[in-house]
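Asker: Enclosed is the structure file input38.cif (mmCIF, C-alpha atoms).
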```
data_protein
#
loop_
_atom_site.group_PDB
_atom_site.id
_atom_site.type_symbol
_atom_site.label_atom_id
_atom_site.label_comp_id
_atom_site.auth_asym_id
_atom_site.auth_seq_id
_atom_site.Cartn_x
_atom_site.Cartn_y
_atom_site.Cartn_z
ATOM 1 C CA MET J 1 108.043 129.894 76.500
ATOM 2 C CA GLN J 2 110.254 126.876 77.119
ATOM 3 C CA GLU J 3 108.985 123.450 76.013
ATOM 4 C CA GLN J 4 108.633 120.958 78.865
ATOM 5 C CA ASP J 5 108.665 117.198 78.609
ATOM 6 C CA LEU J 6 105.419 115.644 79.780
ATOM 7 C CA TYR J 7 105.269 112.385 81.628
ATOM 8 C CA VAL J 8 102.006 110.636 80.869
ATOM 9 C CA ILE J 9 100.857 107.411 82.466
ATOM 10 C CA PRO J 10 98.142 105.504 80.591
ATOM 11 C CA ALA J 11 95.001 105.044 82.712
ATOM 12 C CA ARG J 12 95.231 101.242 82.549
ATOM 13 C CA TYR J 13 98.771 101.429 83.999
ATOM 14 C CA ARG J 14 97.638 103.765 86.779
ATOM 15 C CA LYS J 15 94.810 101.404 87.738
ATOM 16 C CA ILE J 16 97.176 98.453 88.080
ATOM 17 C CA GLU J 17 99.615 100.606 90.087
ATOM 18 C CA ASN J 18 96.808 101.559 92.465
ATOM 19 C CA LEU J 19 95.860 97.880 92.830
ATOM 20 C CA HIS J 20 99.514 97.147 93.571
ATOM 21 C CA ILE J 21 99.492 99.681 96.414
ATOM 22 C CA LEU J 22 96.400 97.997 97.873
ATOM 23 C CA PHE J 23 98.045 94.540 97.780
ATOM 24 C CA TRP J 24 101.236 95.911 99.314
ATOM 25 C CA LEU J 25 99.378 97.631 102.153
ATOM 26 C CA VAL J 26 97.346 94.505 102.904
ATOM 27 C CA LYS J 27 100.553 92.421 102.970
ATOM 28 C CA ASP J 28 102.324 94.820 105.326
ATOM 29 C CA THR J 29 99.236 95.222 107.534
ATOM 30 C CA CYS J 30 99.102 91.441 107.885
ATOM 31 C CA TRP J 31 102.770 91.525 108.861
ATOM 32 C CA CYS J 32 102.083 94.169 111.480
ATOM 33 C CA LEU J 33 99.117 92.228 112.882
ATOM 34 C CA THR J 34 100.972 88.866 112.565
ATOM 35 C CA PHE J 35 98.351 87.344 110.280
ATOM 36 C CA LYS J 36 100.945 84.879 109.024
ATOM 37 C CA TRP J 37 99.165 82.981 106.273
ATOM 38 C CA LEU J 38 97.296 85.938 104.843
ATOM 39 C CA GLY J 39 100.513 87.979 104.874
ATOM 40 C CA ILE J 40 102.405 85.215 103.088
ATOM 41 C CA THR J 41 99.549 84.739 100.618
ATOM 42 C CA MET J 42 99.615 88.466 99.809
ATOM 43 C CA ILE J 43 103.261 88.222 98.746
ATOM 44 C CA PHE J 44 102.211 86.547 95.507
ATOM 45 C CA PRO J 45 99.701 89.063 94.105
ATOM 46 C CA THR J 46 101.924 91.925 95.293
ATOM 47 C CA LEU J 47 104.960 90.526 93.492
ATOM 48 C CA LEU J 48 102.993 89.458 90.414
ATOM 49 C CA VAL J 49 101.549 92.934 89.931
ATOM 50 C CA ALA J 50 105.021 94.466 90.469
ATOM 51 C CA ILE J 51 106.399 92.145 87.776
ATOM 52 C CA LEU J 52 103.525 93.072 85.438
ATOM 53 C CA ILE J 53 104.230 96.775 85.970
ATOM 54 C CA CYS J 54 107.910 96.154 85.296
ATOM 55 C CA TRP J 55 107.095 94.247 82.109
ATOM 56 C CA ARG J 56 104.815 97.016 80.856
ATOM 57 C CA THR J 57 107.514 99.633 81.390
ATOM 58 C CA LYS J 58 110.375 97.601 79.923
ATOM 59 C CA ASN J 59 110.922 100.110 77.094
ATOM 60 C CA MET J 60 111.358 103.097 79.443
ATOM 61 C CA VAL J 61 114.703 102.748 81.213
ATOM 62 C CA ALA J 62 113.864 105.137 84.067
ATOM 63 C CA GLU J 63 110.634 103.300 84.830
ATOM 64 C CA LEU J 64 112.133 99.847 84.348
ATOM 65 C CA THR J 65 115.003 100.428 86.772
ATOM 66 C CA HIS J 66 112.772 101.888 89.459
ATOM 67 C CA ASN J 67 110.201 99.125 89.017
ATOM 68 C CA LEU J 68 112.951 96.498 89.267
ATOM 69 C CA ALA J 69 114.042 98.135 92.509
ATOM 70 C CA VAL J 70 110.442 97.878 93.757
ATOM 71 C CA ILE J 71 110.414 94.140 92.948
ATOM 72 C CA PHE J 72 113.626 93.691 94.951
ATOM 73 C CA TRP J 73 112.187 95.814 97.769
ATOM 74 C CA ILE J 74 109.018 93.709 97.991
ATOM 75 C CA THR J 75 111.114 90.544 97.889
ATOM 76 C CA ALA J 76 113.371 91.782 100.690
ATOM 77 C CA ASN J 77 110.381 92.926 102.686
ATOM 78 C CA SER J 78 108.754 89.517 102.232
ATOM 79 C CA VAL J 79 111.890 87.635 103.292
ATOM 80 C CA TRP J 80 112.091 89.769 106.412
ATOM 81 C CA MET J 81 108.404 89.200 107.159
ATOM 82 C CA ILE J 82 108.725 85.418 106.815
ATOM 83 C CA THR J 83 111.792 85.286 109.058
ATOM 84 C CA GLU J 84 109.842 87.161 111.737
ATOM 85 C CA PHE J 85 106.706 85.058 111.346
ATOM 86 C CA PHE J 86 108.569 81.778 111.803
ATOM 87 C CA ASN J 87 111.233 82.958 114.277
ATOM 88 C CA PHE J 88 114.224 81.921 112.193
ATOM 89 C CA GLY J 89 116.400 83.938 114.562
ATOM 90 C CA ASP J 90 117.649 87.503 114.505
ATOM 91 C CA GLY J 91 120.369 86.778 111.957
ATOM 92 C CA ALA J 92 117.961 85.334 109.376
ATOM 93 C CA ARG J 93 116.432 88.696 108.585
ATOM 94 C CA TYR J 94 119.786 89.777 107.183
ATOM 95 C CA TYR J 95 119.066 87.582 104.159
ATOM 96 C CA ALA J 96 116.736 90.419 103.182
ATOM 97 C CA LEU J 97 119.879 92.475 102.544
ATOM 98 C CA ILE J 98 120.478 90.485 99.341
ATOM 99 C CA PRO J 99 117.387 91.733 97.471
ATOM 100 C CA PHE J 100 117.692 95.165 99.136
ATOM 101 C CA GLY J 101 121.264 95.314 97.823
ATOM 102 C CA LEU J 102 120.219 94.221 94.333
ATOM 103 C CA GLY J 103 117.618 96.992 94.251
ATOM 104 C CA LEU J 104 120.236 99.508 95.312
ATOM 105 C CA LEU J 105 122.645 98.243 92.640
ATOM 106 C CA VAL J 106 120.007 98.702 89.942
ATOM 107 C CA LEU J 107 119.395 102.297 91.050
ATOM 108 C CA ILE J 108 123.106 103.046 91.468
ATOM 109 C CA TYR J 109 123.641 101.870 87.891
ATOM 110 C CA TYR J 110 120.801 104.068 86.690
ATOM 111 C CA TYR J 111 121.848 107.245 88.500
ATOM 112 C CA ALA J 112 125.627 106.841 88.382
ATOM 113 C CA PHE J 113 126.031 105.485 84.851
ATOM 114 C CA TYR J 114 122.918 105.553 82.691
ATOM 115 C CA VAL J 115 121.672 109.070 83.478
ATOM 116 C CA PRO J 116 125.059 110.803 83.078
ATOM 117 C CA MET J 117 125.771 108.905 79.845
ATOM 118 C CA HIS J 118 122.307 109.707 78.474
ATOM 119 C CA TYR J 119 122.651 113.354 79.524
ATOM 120 C CA ARG J 120 125.988 113.653 77.677
ATOM 121 C CA LYS J 121 124.436 112.198 74.537
ATOM 122 C CA GLN J 122 121.594 114.740 74.705
ATOM 123 C CA GLU J 123 124.119 117.564 75.148
ATOM 124 C CA GLN J 124 126.008 116.401 72.050
ATOM 125 C CA VAL J 125 122.821 116.304 69.993
ATOM 126 C CA THR J 126 121.879 119.794 71.199
ATOM 127 C CA VAL J 127 125.342 121.168 70.388
ATOM 128 C CA ASP J 128 125.316 119.535 66.939
ATOM 129 C CA VAL J 129 121.869 120.964 66.151
ATOM 130 C CA ASP J 130 122.866 124.450 67.333
ATOM 131 C CA ALA J 131 126.095 124.490 65.284
#
```
Starting from the file, give its structure as C-alpha coordinates.
Answerer:
Amino acid sequence: MQEQDLYVIPARYRKIENLHILFWLVKDTCWCLTFKWLGITMIFPTLLVAILICWRTKNMVAELTHNLAVIFWITANSVWMITEFFNFGDGARYYALIPFGLGLLVLIYYYAFYVPMHYRKQEQVTVDVDA
(Lines of atoms letter the chains of each structure in order from A and count residues from 1; the text may use other names and numbers.)
(Lines give C-alpha, C1' and ligand atoms only; values in the text may rest on other atoms or scores of the structure.)
Protein backbone atom coordinates (compact mmCIF):
# COMPACT_ATOMS: atom_id res chain seq x y z
CA MET A 1 0.00 0.00 0.00
CA GLN A 2 1.39 3.38 -1.02
CA GLU A 3 1.64 6.11 1.63
CA GLN A 4 -0.40 9.22 0.83
CA ASP A 5 0.17 12.71 2.13
CA LEU A 6 -2.76 14.00 4.14
CA TYR A 7 -3.86 17.58 4.07
CA VAL A 8 -5.41 18.51 7.39
CA ILE A 9 -7.03 21.83 8.17
CA PRO A 10 -7.38 22.68 11.87
CA ALA A 11 -11.02 23.22 12.86
CA ARG A 12 -10.37 26.81 13.98
CA TYR A 13 -8.98 27.60 10.50
CA ARG A 14 -11.98 25.99 8.80
CA LYS A 15 -14.39 28.05 10.91
CA ILE A 16 -12.70 31.32 9.93
CA GLU A 17 -12.66 30.23 6.27
CA ASN A 18 -16.40 29.56 6.43
CA LEU A 19 -16.95 32.99 7.99
CA HIS A 20 -14.88 34.47 5.17
CA ILE A 21 -17.18 32.88 2.59
CA LEU A 22 -20.20 34.39 4.35
CA PHE A 23 -18.65 37.90 4.32
CA TRP A 24 -17.67 37.54 0.67
CA LEU A 25 -21.16 36.42 -0.37
CA VAL A 26 -22.79 39.27 1.54
CA LYS A 27 -20.41 41.76 -0.11
CA ASP A 28 -21.10 40.44 -3.61
CA THR A 29 -24.86 40.20 -2.97
CA CYS A 30 -24.83 43.85 -1.94
CA TRP A 31 -23.00 44.63 -5.17
CA CYS A 32 -25.61 42.76 -7.18
CA LEU A 33 -28.47 44.53 -5.39
CA THR A 34 -26.63 47.91 -5.45
CA PHE A 35 -26.66 48.29 -1.68
CA LYS A 36 -23.72 50.67 -1.94
CA TRP A 37 -22.80 51.41 1.66
CA LEU A 38 -23.37 47.92 2.98
CA GLY A 39 -21.36 46.50 0.06
CA ILE A 40 -18.50 48.91 0.73
CA THR A 41 -18.67 48.21 4.46
CA MET A 42 -18.41 44.47 3.79
CA ILE A 43 -15.10 44.97 1.98
CA PHE A 44 -13.35 45.47 5.30
CA PRO A 45 -14.34 42.30 7.19
CA THR A 46 -13.93 40.28 3.98
CA LEU A 47 -10.40 41.57 3.43
CA LEU A 48 -9.46 41.40 7.11
CA VAL A 49 -10.45 37.75 7.37
CA ALA A 50 -8.59 37.00 4.11
CA ILE A 51 -5.48 38.65 5.58
CA LEU A 52 -5.89 36.66 8.81
CA ILE A 53 -6.15 33.42 6.83
CA CYS A 54 -3.05 34.39 4.86
CA TRP A 55 -1.15 35.17 8.06
CA ARG A 56 -2.11 31.83 9.62
CA THR A 57 -0.88 29.93 6.57
CA LYS A 58 2.35 31.89 6.12
CA ASN A 59 4.50 28.80 6.77
CA MET A 60 2.83 26.71 4.04
CA VAL A 61 3.92 28.07 0.66
CA ALA A 62 1.06 26.48 -1.31
CA GLU A 63 -1.54 27.93 1.04
CA LEU A 64 0.18 31.29 1.36
CA THR A 65 0.38 31.88 -2.39
CA HIS A 66 -3.23 30.91 -2.99
CA ASN A 67 -4.42 32.99 -0.05
CA LEU A 68 -2.43 35.98 -1.33
CA ALA A 69 -4.16 35.52 -4.68
CA VAL A 70 -7.52 35.55 -2.86
CA ILE A 71 -6.59 38.85 -1.17
CA PHE A 72 -5.75 40.35 -4.58
CA TRP A 73 -8.97 38.91 -6.02
CA ILE A 74 -11.12 40.47 -3.29
CA THR A 75 -9.28 43.76 -3.72
CA ALA A 76 -9.84 43.74 -7.48
CA ASN A 77 -13.45 42.75 -7.01
CA SER A 78 -13.92 45.59 -4.52
CA VAL A 79 -12.32 48.17 -6.83
CA TRP A 80 -14.62 47.06 -9.62
CA MET A 81 -17.65 47.23 -7.33
CA ILE A 82 -16.81 50.76 -6.17
CA THR A 83 -16.28 52.01 -9.72
CA GLU A 84 -19.73 50.68 -10.64
CA PHE A 85 -21.41 52.07 -7.54
CA PHE A 86 -20.12 55.59 -8.13
CA ASN A 87 -20.16 55.60 -11.95
CA PHE A 88 -16.50 56.46 -12.40
CA GLY A 89 -16.88 55.56 -16.07
CA ASP A 90 -16.33 52.37 -18.02
CA GLY A 91 -12.55 52.76 -18.08
CA ALA A 92 -12.23 53.02 -14.28
CA ARG A 93 -13.06 49.37 -13.74
CA TYR A 94 -9.84 48.48 -15.54
CA TYR A 95 -7.96 49.59 -12.42
CA ALA A 96 -9.16 46.26 -11.03
CA LEU A 97 -6.73 44.63 -13.46
CA ILE A 98 -3.83 45.70 -11.22
CA PRO A 99 -4.76 43.51 -8.24
CA PHE A 100 -6.07 40.78 -10.57
CA GLY A 101 -2.67 40.83 -12.29
CA LEU A 102 -0.80 40.71 -8.99
CA GLY A 103 -2.81 37.66 -7.96
CA LEU A 104 -2.01 35.99 -11.26
CA LEU A 105 1.70 36.81 -10.85
CA VAL A 106 1.75 35.20 -7.41
CA LEU A 107 0.18 32.01 -8.80
CA ILE A 108 2.38 32.00 -11.91
CA TYR A 109 5.42 32.19 -9.63
CA TYR A 110 4.10 29.32 -7.54
CA TYR A 111 3.22 26.99 -10.42
CA ALA A 112 5.96 27.94 -12.88
CA PHE A 113 8.89 28.29 -10.48
CA TYR A 114 8.28 27.12 -6.93
CA VAL A 115 6.50 23.82 -7.64
CA PRO A 116 8.96 22.60 -10.30
CA MET A 117 11.96 23.59 -8.15
CA HIS A 118 10.46 21.90 -5.08
CA TYR A 119 9.59 18.80 -7.12
CA ARG A 120 13.19 18.52 -8.38
CA LYS A 121 14.50 18.77 -4.83
CA GLN A 122 12.16 15.96 -3.72
CA GLU A 123 13.32 13.81 -6.65
CA GLN A 124 16.95 14.33 -5.64
CA VAL A 125 16.22 13.34 -2.05
CA THR A 126 14.37 10.23 -3.24
CA VAL A 127 17.21 9.25 -5.58
CA ASP A 128 19.82 9.81 -2.85
CA VAL A 129 17.85 7.70 -0.36
CA ASP A 130 17.35 4.89 -2.89
CA ALA A 131 21.05 4.78 -3.87
Asker: Can you pull out the residues contacting Tyr95 (chain J)? Cut-off 12 Å, using all atoms listed in the file, and skip same-chain residues under 3 positions away; I want them as a list in words.
Answerer: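 Skipping anything fewer than 3 positions along the chain leaves Thr75, Ala76, Asn77, Ser78, Val79, Trp80, Met81, Ile82, Thr83, Glu84, Phe88, Gly89, Asp90, Gly91, Ala92, Ile98, Pro99, Phe100, Gly101 and Leu102 of chain J.
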Asker: Any chance you could export the current selection's C-alpha atoms as a PDB file, in the coordinates of the input?
Answerer:
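Full text of part_21.pdb as output:
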```pdb
ATOM      1  CA  THR J  75     111.114  90.544  97.889  1.00  0.00           C
ATOM      2  CA  ALA J  76     113.371  91.782 100.690  1.00  0.00           C
ATOM      3  CA  ASN J  77     110.381  92.926 102.686  1.00  0.00           C
ATOM      4  CA  SER J  78     108.754  89.517 102.232  1.00  0.00           C
ATOM      5  CA  VAL J  79     111.890  87.635 103.292  1.00  0.00           C
ATOM      6  CA  TRP J  80     112.091  89.769 106.412  1.00  0.00           C
ATOM      7  CA  MET J  81     108.404  89.200 107.159  1.00  0.00           C
ATOM      8  CA  ILE J  82     108.725  85.418 106.815  1.00  0.00           C
ATOM      9  CA  THR J  83     111.792  85.286 109.058  1.00  0.00           C
ATOM     10  CA  GLU J  84     109.842  87.161 111.737  1.00  0.00           C
ATOM     11  CA  PHE J  88     114.224  81.921 112.193  1.00  0.00           C
ATOM     12  CA  GLY J  89     116.400  83.938 114.562  1.00  0.00           C
ATOM     13  CA  ASP J  90     117.649  87.503 114.505  1.00  0.00           C
ATOM     14  CA  GLY J  91     120.369  86.778 111.957  1.00  0.00           C
ATOM     15  CA  ALA J  92     117.961  85.334 109.376  1.00  0.00           C
ATOM     16  CA  ILE J  98     120.478  90.485  99.341  1.00  0.00           C
ATOM     17  CA  PRO J  99     117.387  91.733  97.471  1.00  0.00           C
ATOM     18  CA  PHE J 100     117.692  95.165  99.136  1.00  0.00           C
ATOM     19  CA  GLY J 101     121.264  95.314  97.823  1.00  0.00           C
ATOM     20  CA  LEU J 102     120.219  94.221  94.333  1.00  0.00           C
TER      21      LEU J 102
END
```
Asker: Would you list the contacts of Leu19 (chain J) as a VMD selection string, taking every protein, DNA or RNA residue within 12 Å and counting only C-alpha atoms, but skipping same-chain residues closer than 3 positions in sequence?
Answerer: chain J and resid 12 to 16 22 to 26 45 to 50 52 to 53
Asker: Take the PyMOL selection byres ((chain J and resi 106-119) around 10), apply it to the structure above, and return the hits as a list in words.
Answerer: Val61, Ala62, Leu64, Thr65, His66, Asn67, Leu68, Ala69, Phe72, Gly101, Leu102, Gly103, Leu104, Leu105, Arg120, Lys121, Gln122, Glu123, Gln124 and Val125 of chain J
Asker: Just give me the gap between CA of Tyr7 (chain J) and CA of Ile21 (chain J) in Å, one decimal is fine.
Answerer: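 Separating CA of Tyr7 (chain J) from CA of Ile21 (chain J) is a distance of 20.3 Å.
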Asker: Take CA of Ile51 (chain J) and CA of Asp5 (chain J) and report the distance between them in Å, one decimal.
Answerer: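 Separation of CA of Ile51 (chain J) and CA of Asp5 (chain J): 26.8 Å.
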Asker: Kindly indicate which residue among J:Ala96, J:Cys30, J:Cys54, J:Val8 lies nearest to Ile74 (chain J), using only C-alpha atoms for the distances.
Answerer: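 Closest to Ile74 (chain J) of all the choices is J:Ala96.
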Asker: As an exercise, work out the distance from CA of Phe86 (chain J) to CA of Thr34 (chain J) in Å and give it to one decimal place.
Answerer: 10.4 Å
